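Novice: Contents of start_31.txt (compact mmCIF, C-alpha atoms):
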# COMPACT_ATOMS: atom_id res chain seq x y z
CA MET A 1 18.18 -3.11 9.33
CA LEU A 2 20.55 -4.16 6.56
CA GLN A 3 23.12 -6.72 7.64
CA LEU A 4 26.15 -7.58 5.51
CA TYR A 5 28.33 -10.37 6.91
CA GLY A 6 27.15 -9.51 10.39
CA THR A 7 27.69 -5.76 10.04
CA ARG A 8 24.54 -3.75 10.65
CA LEU A 9 24.01 -0.72 8.46
CA THR A 10 21.34 1.94 8.62
CA SER A 11 22.06 3.29 5.11
CA ARG A 12 21.08 1.27 2.06
CA LEU A 13 23.21 3.35 -0.28
CA LEU A 14 26.80 2.25 -0.88
CA LEU A 15 29.02 4.74 -2.64
CA GLY A 16 31.83 4.36 -5.14
CA SER A 17 34.73 6.77 -4.70
CA ALA A 18 35.92 7.17 -8.30
CA ARG A 19 35.49 9.85 -10.97
CA TYR A 20 34.65 12.78 -8.66
CA PRO A 21 35.78 16.24 -9.78
CA SER A 22 37.96 16.56 -6.66
CA PRO A 23 38.72 14.83 -3.35
CA ALA A 24 36.83 17.59 -1.55
CA VAL A 25 33.68 16.94 -3.58
CA LEU A 26 34.02 13.22 -2.94
CA ALA A 27 34.20 13.84 0.81
CA GLU A 28 31.19 16.13 0.73
CA ALA A 29 29.21 13.69 -1.42
CA VAL A 30 29.92 10.84 1.01
CA ARG A 31 28.55 12.97 3.83
CA ALA A 32 25.50 14.04 1.81
CA SER A 33 24.77 10.43 0.87
CA ALA A 34 24.92 9.24 4.49
CA ALA A 35 26.58 6.13 3.04
CA GLN A 36 28.40 3.95 5.57
CA VAL A 37 30.21 1.86 2.99
CA VAL A 38 32.53 3.27 0.33
CA THR A 39 34.23 1.22 -2.36
CA VAL A 40 37.95 1.64 -2.96
CA SER A 41 40.55 0.07 -5.19
CA LEU A 42 44.27 -0.49 -5.63
CA ARG A 43 46.43 1.01 -8.32
CA ARG A 44 50.10 1.29 -9.09
CA GLU A 45 51.71 3.86 -6.81
CA SER A 46 54.32 6.29 -8.08
CA ALA A 47 57.09 6.84 -5.55
CA GLY A 48 57.24 10.49 -6.60
CA GLU A 49 53.57 11.44 -6.61
CA ARG A 50 52.33 9.12 -3.85
CA ALA A 51 48.74 9.83 -4.94
CA GLY A 52 47.42 6.86 -3.00
CA GLN A 53 48.66 8.17 0.33
CA GLY A 54 46.53 11.32 0.19
CA PHE A 55 43.48 9.40 -0.96
CA TRP A 56 43.82 6.92 1.87
CA SER A 57 44.06 9.72 4.45
CA LEU A 58 40.90 11.26 3.03
CA ILE A 59 38.94 8.00 3.22
CA ARG A 60 40.06 7.31 6.78
CA GLU A 61 38.86 10.73 7.89
CA LEU A 62 35.38 9.97 6.55
CA ASP A 63 34.82 7.28 9.17
CA VAL A 64 33.20 4.80 6.75
CA ARG A 65 33.66 1.11 6.20
CA VAL A 66 35.64 0.43 3.03
CA LEU A 67 34.77 -2.22 0.48
CA PRO A 68 37.86 -2.85 -1.68
CA ASN A 69 37.24 -4.08 -5.20
CA THR A 70 39.19 -6.15 -7.68
CA ALA A 71 38.27 -3.87 -10.60
CA GLY A 72 40.23 -4.44 -13.75
CA CYS A 73 40.95 -8.11 -13.03
CA HIS A 74 40.25 -10.47 -15.90
CA THR A 75 41.45 -13.75 -14.42
CA VAL A 76 40.93 -15.73 -11.24
CA LYS A 77 44.62 -15.42 -10.44
CA GLU A 78 44.64 -11.63 -10.79
CA ALA A 79 41.49 -11.26 -8.70
CA VAL A 80 42.72 -13.54 -5.91
CA THR A 81 46.12 -11.81 -5.74
CA THR A 82 44.46 -8.39 -5.75
CA ALA A 83 42.15 -9.52 -2.93
CA HIS A 84 45.16 -10.56 -0.84
CA MET A 85 46.81 -7.21 -1.47
CA ALA A 86 43.60 -5.32 -0.62
CA ARG A 87 43.14 -7.23 2.63
CA GLU A 88 46.60 -6.22 3.75
CA VAL A 89 46.32 -2.53 2.89
CA PHE A 90 42.71 -1.93 3.90
CA GLY A 91 42.62 -4.28 6.86
CA THR A 92 39.25 -5.79 6.02
CA PRO A 93 38.10 -9.28 4.96
CA TRP A 94 35.48 -7.63 2.73
CA ILE A 95 36.16 -7.82 -1.00
CA LYS A 96 33.98 -6.73 -3.90
CA LEU A 97 34.95 -9.44 -6.32
CA GLU A 98 35.03 -8.45 -9.97
CA VAL A 99 36.31 -10.76 -12.67
CA ILE A 100 35.62 -9.02 -15.96
CA GLY A 101 34.84 -11.19 -18.94
CA GLU A 102 34.02 -8.75 -21.70
CA ASP A 103 35.41 -5.29 -22.28
CA ASP A 104 32.53 -3.55 -24.07
CA THR A 105 29.98 -4.31 -21.37
CA LEU A 106 32.37 -4.99 -18.46
CA GLN A 107 30.19 -8.04 -17.98
CA PRO A 108 31.42 -10.39 -15.25
CA ASP A 109 33.08 -13.65 -16.23
CA VAL A 110 30.74 -15.68 -14.07
CA PHE A 111 32.83 -18.85 -14.40
CA GLY A 112 35.97 -17.13 -13.16
CA LEU A 113 33.89 -15.30 -10.57
CA THR A 114 32.54 -18.45 -8.94
CA GLU A 115 35.99 -20.03 -8.96
CA ALA A 116 37.62 -16.97 -7.38
CA ALA A 117 34.78 -16.70 -4.86
CA ARG A 118 35.35 -20.30 -3.76
CA VAL A 119 39.08 -19.69 -3.27
CA LEU A 120 38.57 -16.46 -1.34
CA THR A 121 35.77 -17.60 0.97
CA GLY A 122 37.97 -20.60 1.77
CA GLU A 123 40.64 -18.16 2.90
CA GLY A 124 38.30 -16.26 5.18
CA PHE A 125 37.31 -13.43 2.87
CA GLU A 126 33.78 -12.04 2.98
CA VAL A 127 33.02 -11.87 -0.69
CA PHE A 128 30.66 -9.44 -2.42
CA PRO A 129 30.55 -10.85 -5.97
CA TYR A 130 29.71 -8.53 -8.84
CA THR A 131 27.48 -10.80 -10.88
CA THR A 132 24.59 -10.86 -13.34
CA GLU A 133 20.96 -11.66 -12.50
CA ASP A 134 21.48 -15.29 -13.58
CA LEU A 135 19.82 -17.61 -11.04
CA VAL A 136 22.15 -20.53 -11.58
CA VAL A 137 25.24 -18.40 -11.15
CA ALA A 138 23.70 -16.94 -7.99
CA GLU A 139 23.17 -20.45 -6.65
CA ARG A 140 26.79 -21.36 -7.43
CA LEU A 141 28.07 -18.23 -5.70
CA LEU A 142 26.07 -19.08 -2.59
CA GLU A 143 27.43 -22.64 -2.71
CA ALA A 144 30.90 -21.11 -2.95
CA GLY A 145 30.30 -19.39 0.37
CA CYS A 146 29.10 -15.92 -0.64
CA ARG A 147 26.53 -14.48 1.78
CA VAL A 148 25.80 -11.33 -0.25
CA LEU A 149 25.25 -10.97 -4.00
CA MET A 150 25.71 -7.87 -6.13
CA PRO A 151 23.84 -8.24 -9.40
CA TRP A 152 24.27 -5.57 -12.03
CA GLY A 153 21.45 -3.23 -12.98
CA ALA A 154 23.10 -2.41 -16.30
CA PRO A 155 26.69 -2.20 -17.56
CA ILE A 156 29.03 -0.23 -15.29
CA GLY A 157 28.81 3.51 -15.89
CA SER A 158 25.98 3.20 -18.43
CA GLY A 159 23.28 4.93 -16.37
CA ARG A 160 20.60 2.78 -17.95
CA GLY A 161 18.93 1.65 -14.75
CA LEU A 162 17.48 -1.82 -14.24
CA ASN A 163 17.87 -3.44 -17.66
CA ASN A 164 16.23 -6.76 -16.90
CA LEU A 165 13.36 -6.20 -14.49
CA PHE A 166 11.98 -9.69 -14.94
CA GLY A 167 15.35 -11.34 -14.25
CA LEU A 168 16.06 -9.16 -11.24
CA ALA A 169 12.59 -9.76 -9.78
CA ALA A 170 13.11 -13.49 -10.25
CA LEU A 171 16.45 -13.29 -8.47
CA ARG A 172 14.84 -11.46 -5.56
CA ALA A 173 12.04 -14.01 -5.36
CA HIS A 174 14.41 -16.99 -5.51
CA PHE A 175 16.69 -15.85 -2.72
CA PRO A 176 14.46 -14.02 -0.23
CA GLU A 177 16.97 -14.34 2.63
CA VAL A 178 20.15 -13.29 0.82
CA PRO A 179 21.18 -9.62 0.93
CA LEU A 180 21.08 -8.44 -2.70
CA ILE A 181 22.72 -5.17 -3.68
CA ILE A 182 22.20 -3.69 -7.13
CA ASP A 183 25.66 -2.78 -8.32
CA ALA A 184 26.33 -0.80 -11.45
CA GLY A 185 24.36 0.89 -14.18
CA LEU A 186 22.06 3.19 -12.22
CA GLY A 187 21.68 6.67 -13.68
CA VAL A 188 19.09 8.63 -11.70
CA PRO A 189 17.59 8.46 -8.21
CA SER A 190 14.36 6.86 -9.50
CA HIS A 191 16.41 3.82 -10.60
CA ALA A 192 17.55 3.39 -7.01
CA ALA A 193 14.03 3.81 -5.69
CA GLN A 194 12.83 1.19 -8.17
CA ALA A 195 15.52 -1.26 -7.02
CA LEU A 196 14.45 -0.89 -3.39
CA GLU A 197 10.76 -1.11 -4.32
CA LEU A 198 11.54 -4.40 -6.06
CA GLY A 199 12.88 -5.65 -2.75
CA PHE A 200 16.60 -5.25 -3.26
CA ASP A 201 18.37 -4.54 -0.01
CA ALA A 202 20.66 -1.76 -1.17
CA VAL A 203 22.29 -0.13 -4.18
CA LEU A 204 25.88 0.76 -4.97
CA VAL A 205 26.23 3.96 -6.98
CA ASN A 206 29.32 5.64 -8.35
CA THR A 207 29.25 7.29 -11.79
CA ALA A 208 25.68 8.60 -11.54
CA ILE A 209 26.69 10.66 -8.52
CA ALA A 210 30.35 11.40 -9.26
CA GLN A 211 29.71 12.63 -12.80
CA ALA A 212 26.51 14.57 -12.08
CA ARG A 213 26.71 18.33 -12.55
CA ASP A 214 26.37 18.64 -8.76
CA PRO A 215 27.59 15.40 -7.18
CA VAL A 216 26.76 16.50 -3.64
CA GLN A 217 23.15 17.29 -4.47
CA MET A 218 22.88 14.05 -6.45
CA ALA A 219 24.27 12.08 -3.50
CA HIS A 220 21.56 13.57 -1.32
CA ALA A 221 18.92 12.80 -3.96
CA PHE A 222 20.00 9.15 -4.18
CA ALA A 223 19.90 8.87 -0.39
CA GLN A 224 16.31 10.11 -0.37
CA ALA A 225 15.35 7.80 -3.25
CA VAL A 226 16.75 4.77 -1.45
CA THR A 227 14.87 5.67 1.73
CA ALA A 228 11.64 6.23 -0.22
CA GLY A 229 12.00 3.02 -2.22
CA HIS A 230 12.62 0.93 0.87
CA ALA A 231 9.69 2.50 2.72
CA GLY A 232 7.49 1.84 -0.31
CA ARG A 233 8.52 -1.80 -0.35
CA LEU A 234 7.72 -2.20 3.33
CA ALA A 235 4.36 -0.53 2.84
CA GLY A 236 3.26 -3.22 0.38
CA PRO A 237 2.73 -1.88 -3.14
CA ILE A 238 -0.52 -2.67 -4.95
CA ALA A 239 -0.44 -5.06 -7.88
CA ALA A 240 -0.39 -3.45 -11.30
CA ARG A 241 -3.47 -4.10 -13.46
CA ASP A 242 -4.36 -3.57 -17.08
CA MET A 243 -7.69 -1.76 -16.76
CA ALA A 244 -8.74 1.30 -14.80
CA ALA A 245 -10.26 0.96 -11.35
CA PRO A 246 -11.99 4.15 -10.17
CA SER A 247 -10.50 5.54 -7.02
CA THR A 248 -13.52 7.71 -6.22
CA PRO A 249 -16.42 5.61 -4.90
CA VAL A 250 -19.05 5.09 -7.58
CA ILE A 251 -22.00 4.51 -5.22
CA GLY A 252 -24.15 7.63 -5.05
CA THR A 253 -22.71 9.24 -8.14
CA ALA A 254 -24.95 12.17 -9.18
CA PHE A 255 -26.96 12.29 -12.42
CA ARG A 256 -26.87 8.52 -12.89
CA SER A 257 -30.12 6.67 -12.61
CA MET B 258 70.28 -5.59 -11.47
CA LYS B 259 67.24 -4.49 -13.40
CA ILE B 260 63.72 -5.13 -12.17
CA LEU B 261 60.36 -4.16 -13.65
CA VAL B 262 58.56 -1.92 -11.14
CA ASN B 263 54.95 -1.11 -12.00
CA GLY B 264 55.73 -1.73 -15.65
CA ALA B 265 58.92 0.38 -15.83
CA TRP B 266 62.50 -0.95 -15.75
CA ARG B 267 64.45 0.26 -12.73
CA GLU B 268 68.01 -0.33 -11.61
CA THR B 269 68.41 -1.50 -8.04
CA ALA B 270 71.34 -2.41 -5.82
CA SER B 271 69.05 -4.04 -3.23
CA ALA B 272 69.01 -7.77 -2.79
CA GLU B 273 65.60 -7.94 -1.08
CA LEU B 274 62.21 -6.45 -1.78
CA ALA B 275 62.04 -4.38 1.43
CA ALA B 276 65.36 -2.66 0.70
CA ALA B 277 64.41 -2.08 -2.92
CA LEU B 278 61.21 -0.30 -1.87
CA GLU B 279 63.25 2.04 0.34
CA GLU B 280 65.76 2.61 -2.44
CA LEU B 281 63.01 3.39 -4.96
CA GLY B 282 61.44 6.01 -2.70
CA TYR B 283 58.53 4.12 -1.15
CA GLY B 284 59.82 4.44 2.43
CA GLY B 285 56.97 4.99 4.89
CA ALA B 286 54.27 4.71 2.23
CA VAL B 287 51.14 2.59 2.65
CA VAL B 288 51.66 0.12 -0.17
CA THR B 289 51.13 -3.54 -0.89
CA THR B 290 53.37 -5.61 -3.09
CA ALA B 291 53.48 -8.53 -5.47
CA LEU B 292 56.48 -10.26 -7.00
CA ASN B 293 56.05 -11.99 -10.35
CA GLY B 294 52.30 -12.03 -9.86
CA GLU B 295 52.38 -13.43 -6.31
CA PHE B 296 51.33 -11.39 -3.29
CA VAL B 297 54.19 -10.64 -0.90
CA ALA B 298 52.97 -9.61 2.56
CA ALA B 299 54.66 -6.61 4.18
CA ARG B 300 56.22 -8.79 6.89
CA ALA B 301 57.76 -11.07 4.23
CA ARG B 302 59.43 -8.34 2.16
CA GLU B 303 62.70 -8.44 4.11
CA ARG B 304 63.19 -12.11 3.35
CA THR B 305 62.06 -11.91 -0.28
CA PRO B 306 65.13 -11.95 -2.53
CA LEU B 307 65.10 -10.19 -5.89
CA ALA B 308 66.55 -11.48 -9.14
CA ASP B 309 67.36 -9.76 -12.39
CA GLY B 310 64.22 -9.35 -14.49
CA ASP B 311 61.77 -9.70 -11.59
CA ARG B 312 58.38 -8.03 -11.97
CA VAL B 313 57.38 -6.04 -8.91
CA GLU B 314 53.97 -4.46 -8.36
CA VAL B 315 53.69 -1.69 -5.79
CA LEU B 316 50.05 -0.76 -5.24
CA ALA B 317 48.33 1.76 -3.01
CA PRO B 318 44.75 2.74 -2.14
CA MET B 319 42.99 4.45 -5.00
CA GLN B 320 39.50 5.58 -5.93
CA GLY B 321 37.26 2.74 -7.04
CA GLY B 322 33.68 1.90 -7.88
Before we go any further, please render this structure as structure tokens.

Specialist:
Amino acid sequence: MLQLYGTRLTSRLLLGSARYPSPAVLAEAVRASAAQVVTVSLRRESAGERAGQGFWSLIRELDVRVLPNTAGCHTVKEAVTTAHMAREVFGTPWIKLEVIGEDDTLQPDVFGLTEAARVLTGEGFEVFPYTTEDLVVAERLLEAGCRVLMPWGAPIGSGRGLNNLFGLAALRAHFPEVPLIIDAGLGVPSHAAQALELGFDAVLVNTAIAQARDPVQMAHAFAQAVTAGHAGRLAGPIAARDMAAPSTPVIGTAFRS
Amino acid sequence: MKILVNGAWRETASAELAAALEELGYGGAVVTTALNGEFVAARARERTPLADGDRVEVLAPMQGG
């Protein structure tokens, strides 16, 4: 069973809550996905509209664990302050730490990320850092007190799948005991299955589900893919080879002398 | 005095953050606040004085990925 900072989870699909066509579709997609963890964020609240109040009621009714993010933060200071604010509002020590370093790719600023992670773990936060597949950065994040890592598959919202299979496989192999969650860039259920087959512990999906023509059906499809990928991993995949190997026994083949 | 609330200038007669939030229409809302880039916990708002030109952030739960 997946364990994140001591919390046991039966679902290996974490869901983002943004970009759905409506709150009702979001709620239905969460149910269809069977996800137990949903990411949330903080934004400026208008006193007149109070949009955040309705959203928060909706999330609470879903009976899921929330994982607040620091999306949009570009500096250590912004990310740390946002984490403090999120802990107060959401009442959880969990924080998906994002420190963005580059706007075209939304690539993490791994230097700021490790610094912010060190500050926050020191203050009792349970940090889920959004990082790259870089092994050295991963090591630094673990040294900073992170017990879960969230490497990207591809740039956020790009739907490209696992861009660097070699790097991700190396990350998995280097840190066999650390829960690794592929965060960002998945486009279709097979990408999620592939991540689990590679040995990743879970995936976090938002845009691929929220922006699908039918988000609820896509949520269900991702849930199935994650289950299938994990089962495939446990079953022990064969090694790929370059040449054919006949699957039908060749002994006793007719017409051959 | 004038304070910058979520990026917009607002006039307030309140001397502390807690009163200003009420005055600005946030009474009873689930929000979290920062003053000049520093987090101000809900319990500290009543003893957080405001000054002309202060930057106040009032944030609430929102969709996120």

Novice: Closest to chain A among B:Glu303, B:Glu273, B:Glu279, B:Glu268, using all atoms listed in the file?

Specialist: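 That would be B:Glu279, the residue with the smallest distance to chain A.
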
Novice: For chain A, list the residues within 6 Å of chain B, counting only C-alpha atoms, and write the list as a PyMOL selection string.

Specialist: chain A and resi 16-18+39-45+47+52+56+81+85+206

Novice: Interatomic distance between CA of Thr227 in chain A and CA of Ile209 in chain A?

Specialist: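 Between these atoms lies a distance of 16.4 Å.
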
Novice: Can you tell me, as an MDAnalysis selection string, what residues are no more than 9 Å from range 219-222 of chain A when counting all atoms listed in the file, ignoring any on the same chain fewer than 6 positions away?

Specialist: chainID A and resid 13 15 29:34 188:190 192:193 205 208:210

Novice: What does the distance from CA of Glu61 in chain A to CA of Ala202 in chain A come to in Å, to one decimal?

Specialist: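 CA of Ala202 in chain A lies at a distance of 23.9 Å from CA of Glu61 in chain A.
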
Novice: Report the distance between CA of Glu78 in chain A and CA of Gly122 in chain A in Å, rounded to one decimal place.

Specialist: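 Between CA of Glu78 in chain A and CA of Gly122 in chain A the gap works out to 16.8 Å.
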
Novice: Kindly indicate which residue among B:Ala275, B:Ala265, B:Met258, B:Val313 lies nearest to Ala301 in chain B, using all atoms listed in the file for the distances.

Specialist: B:Ala275

Novice: Would you list the contacts of range 98-114 of chain A as an MDAnalysis selection string, taking every protein, DNA or RNA residue within 8 Å and counting all atoms listed in the file, but skipping same-chain residues closer than 4 positions in sequence?

Specialist: chainID A and resid 69:76 79 118 129:132 137 140:141 144 155:156

Novice: I need the chosen residues saved as a PDB file, in the coordinates of the input, with C-alpha atoms.

Specialist:
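Result went into part-v8.pdb, see below:
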ATOM      1  CA  ASN A  69      37.240  -4.080  -5.200  1.00  0.00           C
ATOM      2  CA  THR A  70      39.190  -6.150  -7.680  1.00  0.00           C
ATOM      3  CA  ALA A  71      38.270  -3.870 -10.600  1.00  0.00           C
ATOM      4  CA  GLY A  72      40.230  -4.440 -13.750  1.00  0.00           C
ATOM      5  CA  CYS A  73      40.950  -8.110 -13.030  1.00  0.00           C
ATOM      6  CA  HIS A  74      40.250 -10.470 -15.900  1.00  0.00           C
ATOM      7  CA  THR A  75      41.450 -13.750 -14.420  1.00  0.00           C
ATOM      8  CA  VAL A  76      40.930 -15.730 -11.240  1.00  0.00           C
ATOM      9  CA  ALA A  79      41.490 -11.260  -8.700  1.00  0.00           C
ATOM     10  CA  ARG A 118      35.350 -20.300  -3.760  1.00  0.00           C
ATOM     11  CA  PRO A 129      30.550 -10.850  -5.970  1.00  0.00           C
ATOM     12  CA  TYR A 130      29.710  -8.530  -8.840  1.00  0.00           C
ATOM     13  CA  THR A 131      27.480 -10.800 -10.880  1.00  0.00           C
ATOM     14  CA  THR A 132      24.590 -10.860 -13.340  1.00  0.00           C
ATOM     15  CA  VAL A 137      25.240 -18.400 -11.150  1.00  0.00           C
ATOM     16  CA  ARG A 140      26.790 -21.360  -7.430  1.00  0.00           C
ATOM     17  CA  LEU A 141      28.070 -18.230  -5.700  1.00  0.00           C
ATOM     18  CA  ALA A 144      30.900 -21.110  -2.950  1.00  0.00           C
ATOM     19  CA  PRO A 155      26.690  -2.200 -17.560  1.00  0.00           C
ATOM     20  CA  ILE A 156      29.030  -0.230 -15.290  1.00  0.00           C
TER      21      ILE A 156
END

Novice: Using only C-alpha atoms, which protein or nucleic acid residues come within 12 Å of Asp309 in chain B? Drop anything in the same chain fewer than 6 positions from it, and give the result as a ChimeraX atom specification.

Specialist: /B:258-262,266-273,293

Novice: Generate the missing atoms of range 109-119 of chain A up to all heavy atoms and report them as a short mmCIF file (atom, residue, chain, number, x, y, z; two decimals), in the coordinates of the input.

Specialist:
data_model
loop_
_atom_site.label_atom_id
_atom_site.label_comp_id
_atom_site.auth_asym_id
_atom_site.auth_seq_id
_atom_site.Cartn_x
_atom_site.Cartn_y
_atom_site.Cartn_z
N ASP A 109 32.80 -12.27 -15.81
CA ASP A 109 33.08 -13.65 -16.23
C ASP A 109 32.59 -14.52 -15.08
O ASP A 109 33.30 -14.71 -14.09
CB ASP A 109 34.58 -13.83 -16.46
CG ASP A 109 34.97 -15.29 -16.61
OD1 ASP A 109 34.08 -16.17 -16.57
OD2 ASP A 109 36.18 -15.56 -16.74
N VAL A 110 31.37 -15.01 -15.21
CA VAL A 110 30.74 -15.68 -14.07
C VAL A 110 31.42 -17.01 -13.73
O VAL A 110 31.33 -17.49 -12.59
CB VAL A 110 29.23 -15.89 -14.30
CG1 VAL A 110 28.52 -14.54 -14.37
CG2 VAL A 110 28.97 -16.71 -15.56
N PHE A 111 32.12 -17.59 -14.67
CA PHE A 111 32.83 -18.85 -14.40
C PHE A 111 34.05 -18.56 -13.53
O PHE A 111 34.28 -19.21 -12.51
CB PHE A 111 33.23 -19.52 -15.72
CG PHE A 111 32.06 -19.72 -16.65
CD1 PHE A 111 31.81 -18.82 -17.68
CD2 PHE A 111 31.19 -20.77 -16.46
CE1 PHE A 111 30.71 -18.98 -18.51
CE2 PHE A 111 30.09 -20.94 -17.28
CZ PHE A 111 29.85 -20.04 -18.32
N GLY A 112 34.82 -17.55 -13.96
CA GLY A 112 35.97 -17.13 -13.16
C GLY A 112 35.53 -16.59 -11.81
O GLY A 112 36.19 -16.81 -10.79
N LEU A 113 34.41 -15.90 -11.80
CA LEU A 113 33.89 -15.30 -10.57
C LEU A 113 33.59 -16.35 -9.51
O LEU A 113 33.99 -16.22 -8.35
CB LEU A 113 32.61 -14.52 -10.90
CG LEU A 113 31.93 -13.80 -9.75
CD1 LEU A 113 32.77 -12.62 -9.28
CD2 LEU A 113 30.54 -13.32 -10.17
N THR A 114 32.89 -17.41 -9.91
CA THR A 114 32.54 -18.45 -8.94
C THR A 114 33.80 -19.17 -8.45
O THR A 114 33.91 -19.49 -7.26
CB THR A 114 31.54 -19.47 -9.52
OG1 THR A 114 32.00 -19.88 -10.81
CG2 THR A 114 30.18 -18.86 -9.68
N GLU A 115 34.75 -19.36 -9.35
CA GLU A 115 35.99 -20.03 -8.96
C GLU A 115 36.77 -19.17 -7.96
O GLU A 115 37.23 -19.65 -6.91
CB GLU A 115 36.83 -20.29 -10.22
CG GLU A 115 37.97 -21.26 -10.01
CD GLU A 115 38.80 -21.44 -11.29
OE1 GLU A 115 38.25 -21.29 -12.39
OE2 GLU A 115 40.00 -21.70 -11.16
N ALA A 116 36.90 -17.89 -8.28
CA ALA A 116 37.62 -16.97 -7.38
C ALA A 116 36.89 -16.85 -6.04
O ALA A 116 37.52 -16.79 -4.98
CB ALA A 116 37.78 -15.60 -8.03
N ALA A 117 35.57 -16.83 -6.09
CA ALA A 117 34.78 -16.70 -4.86
C ALA A 117 35.04 -17.90 -3.94
O ALA A 117 35.18 -17.76 -2.73
CB ALA A 117 33.30 -16.60 -5.18
N ARG A 118 35.12 -19.08 -4.55
CA ARG A 118 35.35 -20.30 -3.76
C ARG A 118 36.73 -20.24 -3.07
O ARG A 118 36.87 -20.54 -1.88
CB ARG A 118 35.27 -21.52 -4.67
CG ARG A 118 35.15 -22.84 -3.94
CD ARG A 118 34.97 -24.00 -4.91
NE ARG A 118 33.83 -23.84 -5.79
CZ ARG A 118 32.56 -24.12 -5.44
NH1 ARG A 118 32.31 -24.56 -4.23
NH2 ARG A 118 31.57 -23.94 -6.28
N VAL A 119 37.73 -19.80 -3.83
CA VAL A 119 39.08 -19.69 -3.27
C VAL A 119 39.09 -18.70 -2.10
O VAL A 119 39.61 -18.99 -1.02
CB VAL A 119 40.08 -19.23 -4.36
CG1 VAL A 119 41.44 -18.90 -3.75
CG2 VAL A 119 40.21 -20.29 -5.45
#
